[in-house]
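Text of the file upload07.txt, holding compact mmCIF, C-alpha atoms:
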# COMPACT_ATOMS: atom_id res chain seq x y z
CA MET G 1 0.00 0.00 0.00
CA PRO G 2 1.39 3.39 -0.87
CA THR G 3 2.02 5.68 2.06
CA PRO G 4 1.90 9.46 2.31
CA PRO G 5 5.15 11.36 2.14
CA ARG G 6 6.96 12.42 5.30
CA LEU G 7 6.29 16.03 5.17
CA GLY G 8 9.27 16.83 7.21
CA ARG G 9 12.40 15.36 5.66
CA ILE G 10 11.88 15.39 1.97
CA SER G 11 15.50 16.14 1.23
CA LEU G 12 16.94 13.38 3.33
CA LEU G 13 14.50 10.71 2.28
CA ALA G 14 14.39 8.94 -0.99
CA ALA G 15 10.68 9.49 -1.08
CA LEU G 16 9.49 11.41 1.95
CA ALA G 17 8.74 8.96 4.64
CA LEU G 18 5.51 9.24 6.50
CA PHE G 19 6.02 11.22 9.70
CA ALA G 20 4.93 14.24 8.04
CA GLY G 21 3.12 11.57 5.99
CA LEU G 22 3.26 12.18 8.15
CA LEU G 23 6.07 13.72 6.52
CA LEU G 24 7.16 14.34 9.96
CA GLY G 25 6.58 17.67 8.48
CA ALA G 26 5.02 20.46 8.19
CA PRO G 27 3.09 21.12 10.36
CA ALA G 28 -0.58 20.41 10.87
CA THR G 29 -0.77 23.94 11.92
CA ALA G 30 -2.14 27.39 11.40
CA THR G 31 -0.60 30.82 11.75
CA TYR G 32 -2.86 33.18 13.67
CA PRO G 33 -2.58 36.96 13.36
CA GLY G 34 -0.60 38.93 15.91
CA PRO G 35 2.87 40.32 16.59
CA ASN G 36 5.69 38.07 15.43
CA GLY G 37 6.96 35.87 18.25
CA ARG G 38 9.19 32.82 18.50
CA ILE G 39 9.58 29.95 16.06
CA VAL G 40 9.11 26.44 17.45
CA PHE G 41 10.54 23.41 15.61
CA ASP G 42 11.58 19.80 16.09
CA ASP G 43 14.97 18.21 15.48
CA PHE G 44 15.05 14.68 14.12
CA ASN G 45 18.55 14.00 15.46
CA THR G 46 17.72 14.69 19.09
CA GLY G 47 13.99 13.94 19.03
CA GLN G 48 13.21 17.14 20.97
CA LEU G 49 11.34 20.43 20.49
CA TYR G 50 13.09 23.82 20.48
CA SER G 51 12.14 27.46 20.08
CA VAL G 52 14.17 30.40 18.82
CA ASN G 53 13.75 34.07 18.00
CA PRO G 54 13.49 34.83 14.27
CA ASP G 55 17.01 36.29 14.33
CA GLY G 56 18.47 33.10 15.80
CA THR G 57 18.91 34.41 19.35
CA SER G 58 17.72 32.76 22.57
CA LEU G 59 17.61 29.18 21.28
CA ARG G 60 15.84 27.04 23.89
CA GLN G 61 15.16 23.33 24.34
CA LEU G 62 11.52 22.76 25.34
CA THR G 63 11.31 18.99 25.81
CA ASP G 64 13.64 16.43 27.36
CA LEU G 65 12.13 13.09 26.41
CA PRO G 66 13.97 9.85 27.16
CA GLU G 67 15.99 7.94 24.58
CA GLY G 68 13.74 6.28 22.03
CA SER G 69 10.94 8.85 22.42
CA PHE G 70 10.43 11.71 19.98
CA ALA G 71 8.56 14.99 20.08
CA PHE G 72 7.66 16.43 16.70
CA GLN G 73 5.15 18.45 14.64
CA PRO G 74 4.72 21.37 17.07
CA ASP G 75 1.90 23.91 16.68
CA TRP G 76 1.42 27.16 18.62
CA SER G 77 -1.96 27.88 20.16
CA PRO G 78 -3.73 30.99 18.79
CA ASP G 79 -2.75 33.01 21.90
CA GLY G 80 0.89 31.90 21.74
CA ARG G 81 0.82 30.38 25.23
CA ARG G 82 0.84 26.62 24.56
CA ILE G 83 2.25 24.21 22.00
CA ALA G 84 0.61 21.02 20.73
CA PHE G 85 2.79 18.23 19.38
CA ALA G 86 2.88 14.50 18.63
CA SER G 87 5.04 11.97 20.46
CA ASN G 88 5.54 8.25 20.95
CA LEU G 89 6.36 8.86 24.62
CA GLY G 90 3.84 6.25 25.77
CA GLY G 91 4.38 3.80 22.91
CA ASP G 92 1.83 4.65 20.21
CA PHE G 93 1.88 8.14 18.70
CA ARG G 94 -0.34 10.47 20.68
CA LEU G 95 -1.07 14.20 21.01
CA TYR G 96 0.33 16.31 23.83
CA THR G 97 0.45 19.97 24.83
CA ILE G 98 3.01 21.96 26.82
CA ASN G 99 3.41 25.55 27.95
CA ARG G 100 5.50 27.83 25.75
CA ASP G 101 8.38 27.28 28.21
CA GLY G 102 8.13 23.48 27.95
CA GLY G 103 6.38 22.89 31.27
CA ASP G 104 2.99 21.41 32.17
CA ARG G 105 3.00 18.54 29.65
CA ARG G 106 -0.46 17.04 29.14
CA LEU G 107 -1.68 14.02 27.16
CA VAL G 108 -4.72 15.14 25.14
CA PHE G 109 -6.37 11.72 24.93
CA ASP G 110 -5.40 8.05 24.91
CA ASP G 111 -6.60 6.54 21.64
CA GLN G 112 -7.23 2.85 20.98
CA PRO G 113 -4.07 0.70 20.91
CA GLY G 114 -2.30 0.75 17.55
CA TYR G 115 -3.83 4.00 16.28
CA ALA G 116 -1.37 6.79 15.44
CA ASP G 117 -2.39 10.40 16.20
CA VAL G 118 -0.09 13.01 14.67
CA PHE G 119 0.06 16.48 13.10
CA PRO G 120 -2.02 18.44 15.59
CA GLY G 121 -3.24 21.96 14.83
CA TYR G 122 -5.32 24.25 17.05
CA THR G 123 -8.73 25.46 15.95
CA PRO G 124 -9.26 29.26 15.97
CA ASP G 125 -10.98 29.23 19.38
CA GLY G 126 -8.05 27.29 20.88
CA ARG G 127 -10.38 24.62 22.29
CA ARG G 128 -9.82 21.74 19.86
CA LEU G 129 -7.09 20.09 17.82
CA VAL G 130 -7.44 18.97 14.21
CA PHE G 131 -5.07 16.10 13.51
CA GLN G 132 -4.18 13.10 11.37
CA ARG G 133 -5.43 9.79 12.75
CA CYS G 134 -4.17 6.52 11.25
CA LEU G 135 -5.46 2.96 11.58
CA PRO G 136 -3.30 0.29 13.22
CA ASP G 137 -0.81 -1.85 11.29
CA ASP G 138 0.26 0.87 8.88
CA GLY G 139 -3.35 1.56 8.04
CA VAL G 140 -4.85 4.45 6.13
CA CYS G 141 -5.13 7.95 7.60
CA ALA G 142 -7.98 10.45 7.86
CA ILE G 143 -8.50 13.89 9.40
CA HIS G 144 -10.13 14.08 12.86
CA SER G 145 -10.62 16.62 15.60
CA VAL G 146 -10.75 16.34 19.38
CA GLY G 147 -11.25 18.65 22.35
CA LEU G 148 -8.24 19.66 24.41
CA ASP G 149 -9.90 17.82 27.30
CA GLY G 150 -9.82 14.63 25.20
CA GLY G 151 -13.55 14.60 24.53
CA GLY G 152 -15.63 14.96 21.40
CA LEU G 153 -13.53 12.94 18.93
CA ARG G 154 -14.91 13.62 15.43
CA ALA G 155 -14.06 12.30 11.97
CA LEU G 156 -13.76 15.10 9.40
CA THR G 157 -12.76 12.77 6.54
CA ARG G 158 -13.26 9.03 6.29
CA PHE G 159 -10.88 6.10 6.41
CA THR G 160 -10.87 4.51 2.94
CA PRO G 161 -9.28 1.04 3.09
CA GLY G 162 -9.78 -1.23 0.10
CA ALA G 163 -9.77 -0.84 -3.66
CA ASN G 164 -10.33 2.93 -3.59
CA GLU G 165 -7.90 3.58 -0.78
CA HIS G 166 -6.36 7.02 -0.26
CA ASN G 167 -4.77 8.81 2.66
CA ASP G 168 -5.57 12.22 4.12
CA PHE G 169 -2.70 13.82 5.95
CA TRP G 170 -1.13 16.97 7.35
CA PRO G 171 -4.15 19.18 8.12
CA THR G 172 -3.76 22.92 8.66
CA VAL G 173 -6.55 25.10 10.05
CA ALA G 174 -7.15 28.64 8.78
CA PRO G 175 -7.90 31.47 11.20
CA ASP G 176 -11.40 31.53 9.64
CA GLY G 177 -11.86 27.80 10.41
CA ARG G 178 -11.39 26.21 6.98
CA ILE G 179 -9.09 23.22 6.81
CA ALA G 180 -6.49 22.38 4.17
CA PHE G 181 -4.92 18.93 4.00
CA GLY G 182 -3.03 16.62 1.68
CA ARG G 183 -4.71 13.72 -0.08
CA PHE G 184 -2.43 10.95 -1.26
CA GLY G 185 -3.33 8.32 -3.87
CA ALA G 186 -6.87 9.42 -4.76
CA GLY G 187 -7.78 8.60 -8.37
CA GLY G 188 -4.20 7.71 -9.18
CA ILE G 189 -2.93 11.18 -8.24
CA THR G 190 0.12 11.07 -6.02
CA SER G 191 -0.54 14.13 -3.87
CA GLN G 192 -2.78 17.20 -3.95
CA VAL G 193 -3.74 19.88 -1.46
CA TYR G 194 -7.45 19.90 -0.62
CA VAL G 195 -9.59 22.49 1.19
CA MET G 196 -12.78 21.78 3.16
CA SER G 197 -15.05 23.48 5.67
CA ALA G 198 -14.45 23.39 9.41
CA THR G 199 -16.99 20.54 9.67
CA GLY G 200 -15.37 18.45 6.92
CA THR G 201 -17.82 19.19 4.12
CA GLY G 202 -17.02 20.32 0.59
CA ALA G 203 -13.52 18.86 0.31
CA HIS G 204 -11.99 19.67 -3.09
CA PRO G 205 -8.48 19.81 -4.61
CA ILE G 206 -6.86 23.19 -5.27
CA THR G 207 -3.42 22.29 -6.66
CA PRO G 208 -2.55 20.72 -10.04
CA PRO G 209 -1.62 17.02 -9.88
CA ALA G 210 1.77 17.61 -11.52
CA LEU G 211 2.86 19.87 -8.63
CA LEU G 212 2.85 16.92 -6.17
CA ALA G 213 1.99 19.51 -3.55
CA VAL G 214 1.88 18.92 0.19
CA PRO G 215 0.27 21.39 2.61
CA GLY G 216 2.13 24.04 4.51
CA GLU G 217 0.07 26.61 6.40
CA TRP G 218 -2.53 29.33 5.96
CA THR G 219 -1.54 32.97 6.05
CA PRO G 220 -2.93 34.84 9.08
CA ASP G 221 -5.58 36.58 6.94
CA SER G 222 -6.89 33.19 5.65
CA ARG G 223 -6.49 34.45 2.07
CA GLN G 224 -3.62 32.23 0.96
CA LEU G 225 -1.81 28.99 1.68
CA VAL G 226 1.93 28.45 1.55
CA LEU G 227 2.98 24.93 0.55
CA ASN G 228 5.80 23.00 -1.03
CA SER G 229 5.98 21.07 -4.29
CA ASN G 230 7.44 17.67 -5.12
CA GLY G 231 6.26 15.73 -2.10
CA PHE G 232 7.80 12.54 -3.55
CA ARG G 233 10.73 13.96 -5.48
CA LEU G 234 13.85 15.95 -4.94
CA ASN G 235 13.96 19.70 -5.62
CA SER G 236 10.91 20.81 -3.63
CA ALA G 237 10.17 24.54 -3.66
CA ILE G 238 7.91 26.89 -1.70
CA TYR G 239 4.72 28.21 -3.36
CA ARG G 240 1.73 30.25 -2.33
CA VAL G 241 -1.83 29.88 -3.65
CA ARG G 242 -5.31 31.18 -2.94
CA PRO G 243 -7.74 28.69 -1.35
CA ASP G 244 -9.71 28.54 -4.60
CA GLY G 245 -6.59 27.34 -6.43
CA THR G 246 -5.88 30.59 -8.29
CA GLY G 247 -2.81 32.77 -8.05
CA LEU G 248 -0.30 29.93 -7.72
CA ARG G 249 3.13 31.56 -7.37
CA ARG G 250 6.58 30.11 -6.79
CA LEU G 251 8.56 31.79 -3.99
CA THR G 252 11.85 29.84 -3.89
CA ASN G 253 14.00 28.19 -6.53
CA PRO G 254 16.59 25.89 -4.92
CA ALA G 255 19.18 24.33 -7.20
CA TYR G 256 18.67 20.63 -7.93
CA PRO G 257 18.69 18.37 -5.95
CA HIS G 258 18.16 20.71 -2.96
CA ASN G 259 14.81 21.21 -1.27
CA ASP G 260 12.84 23.99 0.41
CA ILE G 261 9.99 22.55 2.50
CA LEU G 262 7.60 23.05 5.42
CA PRO G 263 6.74 26.77 5.17
CA SER G 264 5.05 28.69 8.00
CA PRO G 265 3.99 32.35 7.63
CA SER G 266 4.70 34.83 10.39
CA PRO G 267 1.75 36.06 12.50
CA ALA G 268 2.22 39.57 11.06
CA GLY G 269 2.00 38.10 7.56
CA ASP G 270 5.19 39.77 6.38
CA ARG G 271 7.58 36.80 6.36
CA VAL G 272 7.76 33.01 5.96
CA VAL G 273 9.97 30.52 7.78
CA PHE G 274 10.84 27.22 6.09
CA VAL G 275 13.32 24.35 6.12
CA SER G 276 16.06 23.81 3.52
CA ASP G 277 19.09 21.62 2.85
CA ARG G 278 20.49 24.11 0.31
CA ARG G 279 23.84 24.53 2.10
CA HIS G 280 24.66 20.81 2.11
CA PRO G 281 25.82 19.07 -1.09
CA ASP G 282 25.11 15.61 0.38
CA LEU G 283 21.60 16.68 1.53
CA CYS G 284 22.63 15.63 5.03
CA CYS G 285 21.14 18.44 7.02
CA ASN G 286 18.11 20.68 7.33
CA GLU G 287 18.25 24.27 8.57
CA LEU G 288 15.82 27.14 9.17
CA TYR G 289 15.45 29.99 6.69
CA VAL G 290 13.30 33.12 6.71
CA MET G 291 12.20 35.21 3.72
CA ARG G 292 9.74 37.98 3.00
CA SER G 293 6.25 36.91 1.98
CA ASP G 294 7.13 37.73 -1.65
CA GLY G 295 10.15 35.40 -1.62
CA GLY G 296 12.81 38.09 -1.24
CA GLY G 297 15.29 38.78 1.54
CA LEU G 298 16.06 35.13 2.21
CA HIS G 299 18.46 34.40 5.07
CA ARG G 300 19.38 31.50 7.35
CA VAL G 301 18.31 31.43 11.01
CA PRO G 302 21.17 30.04 13.17
CA THR G 303 20.19 27.07 15.37
CA GLY G 304 23.54 26.23 16.96
CA ASP G 305 24.56 22.59 16.52
CA LEU G 306 21.07 21.49 15.49
CA ASN G 307 20.93 20.45 11.84
CA GLY G 308 17.98 18.06 11.76
CA VAL G 309 15.46 20.90 11.85
CA GLY G 310 11.86 20.17 10.85
CA ASN G 311 8.27 21.34 11.16
CA PRO G 312 8.75 25.01 12.08
CA ASP G 313 5.74 26.97 13.31
CA TRP G 314 5.89 30.73 13.80
CA GLY G 315 3.92 31.81 16.84
CA SER G 316 2.58 35.14 17.98
CA ALA G 317 4.11 36.95 20.94
CA PRO G 318 1.74 36.52 23.89
CA ARG G 319 0.81 39.39 26.17
CA ASP G 320 1.11 39.25 29.93
CA ARG G 321 -2.37 39.34 31.38
CA GLY G 322 -3.12 42.71 32.88
CA THR G 323 0.07 44.42 31.68
CA GLY G 324 -0.03 44.42 27.89
CA ALA G 325 3.69 43.65 27.84
CA THR G 326 5.01 40.83 25.68
CA ALA G 327 5.63 37.75 27.83
CA ALA G 328 9.08 36.17 27.68
CA ALA G 329 9.53 32.40 27.82
CA ARG G 330 10.09 31.36 31.42
CA GLY G 331 11.79 28.22 32.63
CA ALA G 332 12.84 26.94 29.19
CA ARG G 333 16.39 25.67 28.96
CA PRO G 334 18.85 27.78 26.93
CA LEU G 335 20.77 25.51 24.58
CA SER G 336 24.28 26.03 25.89
CA GLY G 337 26.77 24.29 28.13
CA ALA G 338 25.37 20.95 29.27
CA GLY G 339 22.43 21.33 26.90
CA ALA G 340 24.74 21.59 23.90
CA ALA G 341 26.65 18.53 25.09
CA THR G 342 23.39 16.58 25.28
CA VAL G 343 22.55 17.53 21.70
CA ALA G 344 25.97 16.36 20.50
CA ALA G 345 25.63 13.06 22.35
CA ARG G 346 22.16 12.38 20.94
CA ARG G 347 22.76 13.54 17.37
CA CYS G 348 22.65 9.99 16.02
CA ALA G 349 19.87 8.71 18.25
CA PRO G 350 17.04 7.03 16.28
CA GLY G 351 14.33 9.48 15.36
CA PRO G 352 11.06 9.78 13.49
CA GLU G 353 12.71 11.43 10.48
CA PRO G 354 15.28 8.98 9.11
CA ARG G 355 17.74 10.08 6.49
CA LEU G 356 19.58 8.22 3.80
CA THR G 357 22.90 10.00 4.07
CA GLY G 358 24.93 12.00 6.54
CA PRO G 359 27.27 11.53 9.51
CA CYS G 360 24.98 9.01 11.18
CA GLY G 361 24.66 6.78 8.12
CA THR G 362 21.53 5.12 6.76
CA ARG G 363 18.58 4.56 9.04
CA ALA G 364 15.37 2.68 8.46
CA GLY G 365 12.19 4.74 8.36
CA LEU G 366 9.36 4.47 10.81
CA ARG G 367 6.04 3.46 9.33
CA THR G 368 3.07 4.65 11.32
CA HIS G 369 1.69 7.05 8.80
CA ALA G 370 3.72 9.45 10.51
CA GLY G 371 6.67 8.47 8.63
CA ARG G 372 8.53 15.76 8.77

Just give me the structure of the file as structure tokens.
Amino acid sequence: MPTPPRLGRISLLAALALFAGLLLGAPATATYPGPNGRIVFDDFNTGQLYSVNPDGTSLRQLTDLPEGSFAFQPDWSPDGRRIAFASNLGGDFRLYTINRDGGDRRLVFDDQPGYADVFPGYTPDGRRLVFQRCLPDDGVCAIHSVGLDGGGLRALTRFTPGANEHNDFWPTVAPDGRIAFGRFGAGGITSQVYVMSATGTGAHPITPPALLAVPGEWTPDSRQLVLNSNGFRLNSAIYRVRPDGTGLRRLTNPAYPHNDILPSPSPAGDRVVFVSDRRHPDLCCNELYVMRSDGGGLHRVPTGDLNGVGNPDWGSAPRDRGTGATAAARGARPLSGAGAATVAARRCAPGPEPRLTGPCGTRAGLRTHAGR
């Protein structure tokens, strides 16, 4: 059975493995309007979540999961105070939330054994998560939603095992409530971006089949989507498109075989963060880049020794209640000293985003329909 691409490590996979296809990628996220805050991302070498300022300062490690467990696919809440993510901390892949400083980790709900729940994204009211739910035994995937209290599980698209099988993956929720997602294998088409209503009705494709597009995120005004092409091939690039499929425009043009993937607009709508391997001839490593919303002014965001970057999500800067002042992250661990040593020691630990080349050598991919 074909499996969706890993939306998070296109460049290091021969054919995007499922953790975002969960291409452990992009995000099942939305960008909500507000002042530009910090960028959260995962690292497939260490299996942890990190956040950083857009200029590369104040890099912080947010999770400290044990060896063999991975945190990935982070998504900021609309108010910028919490982060949802997926993890295999308890065995099967489940949804969790933490504070913006990494504290107060909570399991959203404990699904049936064998199911994989990945790619969470907050709804505009901040009360629910839209996510990718996959059947046991490498089964097909569909889009669901659930309350942050673990109640009210709802199917927004259907599981389709059998002769007409296809997979729905990587949902992203617009600030106005609409949902975009990727559909893999429908009608013989490898991958297209679809848009549907907040309740799951009216799903329809908006990208041409030849683009092999996989979803990125909505802009904060809900008027456009940013996405990347070539979900199953090398040389992915960043595009933007209106939700009716018009106005498709290419924003980056990496040299073959390099890849630009996993775009996330800034809350102010003026810039886009994405992942690229463009500095590495052997496609070994992924790094953060930021550009203007028109594709200009591209520059790399330093992330210290981390070079397995995936699934960035640009959050808004929260306000302290009662003061109006921007709240700083409290209690998160700056990545320096002992923290940097931990990263170096864990660089080659198994992770949800395997790569085919690089200093750690070849690794086998996870298959849970999760595998940026």

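Of the listed residues G:Gly245, G:Gly90, G:Pro254, G:Gly147, the one whose atoms come nearest to G:Gln192 is G:Gly245, with distances taken using all atoms listed in the file.
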
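With all atoms listed in the file as the atoms that count, the residue of G:Thr303, G:Asn36, G:Ser222, G:Thr160 with the shortest distance to G:Arg183 is G:Thr160.
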
Could you check how far atom CA of G:Cys284 sits from atom CA of G:Asn307, in Å to one decimal?
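Distance reported for this atom pair: 8.5 Å.
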
Output, as lines of an AutoDock Vina configuration file, the centre and edge lengths in Å (one decimal) of the axis-aligned box that contains all listed atoms of stretch 47-53 of chain G with 5 Å of margin on each side.
center_x = 12.8
center_y = 24.0
center_z = 19.5
size_x = 12.8
size_y = 30.1
size_z = 13.0

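Distance-wise, atom CA of G:Pro220 and atom CA of G:Ser264 end up 10.1 Å apart.
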
Missing atoms in stretch 131-160 of chain G should be modelled up to N, CA and C atoms and reported as a short mmCIF file (atom, residue, chain, number, x, y, z; two decimals), keeping the file's coordinate frame.
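Done, and the output landed in part-v9.cif:
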data_model
loop_
_atom_site.label_atom_id
_atom_site.label_comp_id
_atom_site.auth_asym_id
_atom_site.auth_seq_id
_atom_site.Cartn_x
_atom_site.Cartn_y
_atom_site.Cartn_z
N PHE G 131 -6.27 16.92 13.61
CA PHE G 131 -5.07 16.10 13.51
C PHE G 131 -5.26 14.96 12.52
N GLN G 132 -4.19 14.26 12.26
CA GLN G 132 -4.18 13.10 11.37
C GLN G 132 -4.24 11.85 12.22
N ARG G 133 -5.25 11.03 11.99
CA ARG G 133 -5.43 9.79 12.75
C ARG G 133 -5.30 8.62 11.79
N CYS G 134 -4.47 7.63 12.15
CA CYS G 134 -4.17 6.52 11.25
C CYS G 134 -4.52 5.19 11.90
N LEU G 135 -5.07 4.28 11.09
CA LEU G 135 -5.46 2.96 11.58
C LEU G 135 -4.24 2.14 11.97
N PRO G 136 -4.43 1.13 12.82
CA PRO G 136 -3.30 0.29 13.22
C PRO G 136 -2.69 -0.47 12.04
N ASP G 137 -1.50 -1.00 12.27
CA ASP G 137 -0.81 -1.85 11.29
C ASP G 137 -0.59 -1.13 9.97
N ASP G 138 -0.05 0.09 10.08
CA ASP G 138 0.26 0.87 8.88
C ASP G 138 -0.99 1.11 8.04
N GLY G 139 -2.10 1.36 8.73
CA GLY G 139 -3.35 1.56 8.04
C GLY G 139 -3.48 2.93 7.43
N VAL G 140 -4.62 3.17 6.78
CA VAL G 140 -4.85 4.45 6.13
C VAL G 140 -5.12 5.54 7.16
N CYS G 141 -5.00 6.80 6.71
CA CYS G 141 -5.13 7.95 7.60
C CYS G 141 -6.29 8.83 7.16
N ALA G 142 -6.90 9.51 8.12
CA ALA G 142 -7.98 10.45 7.86
C ALA G 142 -7.86 11.60 8.85
N ILE G 143 -8.58 12.68 8.57
CA ILE G 143 -8.50 13.89 9.40
C ILE G 143 -9.60 13.83 10.47
N HIS G 144 -9.21 14.07 11.72
CA HIS G 144 -10.13 14.08 12.86
C HIS G 144 -9.92 15.34 13.67
N SER G 145 -10.82 15.56 14.62
CA SER G 145 -10.62 16.62 15.60
C SER G 145 -11.03 16.10 16.97
N VAL G 146 -10.49 16.76 18.01
CA VAL G 146 -10.75 16.34 19.38
C VAL G 146 -10.62 17.56 20.28
N GLY G 147 -11.37 17.58 21.38
CA GLY G 147 -11.25 18.65 22.35
C GLY G 147 -9.95 18.56 23.13
N LEU G 148 -9.47 19.68 23.62
CA LEU G 148 -8.24 19.66 24.41
C LEU G 148 -8.40 18.87 25.70
N ASP G 149 -9.65 18.65 26.12
CA ASP G 149 -9.90 17.82 27.30
C ASP G 149 -10.01 16.35 26.94
N GLY G 150 -9.77 16.01 25.65
CA GLY G 150 -9.82 14.63 25.20
C GLY G 150 -11.18 14.15 24.79
N GLY G 151 -12.20 15.00 24.89
CA GLY G 151 -13.55 14.60 24.53
C GLY G 151 -13.93 15.04 23.13
N GLY G 152 -15.05 14.51 22.65
CA GLY G 152 -15.63 14.96 21.40
C GLY G 152 -14.84 14.59 20.17
N LEU G 153 -14.27 13.38 20.12
CA LEU G 153 -13.53 12.94 18.93
C LEU G 153 -14.47 12.89 17.73
N ARG G 154 -14.07 13.54 16.63
CA ARG G 154 -14.91 13.62 15.43
C ARG G 154 -14.09 13.31 14.19
N ALA G 155 -14.68 12.55 13.27
CA ALA G 155 -14.06 12.30 11.97
C ALA G 155 -14.47 13.39 11.00
N LEU G 156 -13.49 14.06 10.40
CA LEU G 156 -13.76 15.10 9.40
C LEU G 156 -13.63 14.56 7.99
N THR G 157 -12.78 13.55 7.78
CA THR G 157 -12.76 12.77 6.54
C THR G 157 -12.77 11.31 6.93
N ARG G 158 -13.07 10.45 5.98
CA ARG G 158 -13.26 9.03 6.29
C ARG G 158 -12.03 8.20 5.99
N PHE G 159 -11.85 7.12 6.78
CA PHE G 159 -10.88 6.10 6.41
C PHE G 159 -11.38 5.41 5.14
N THR G 160 -10.46 5.11 4.22
CA THR G 160 -10.87 4.51 2.94
C THR G 160 -10.04 3.28 2.60
#
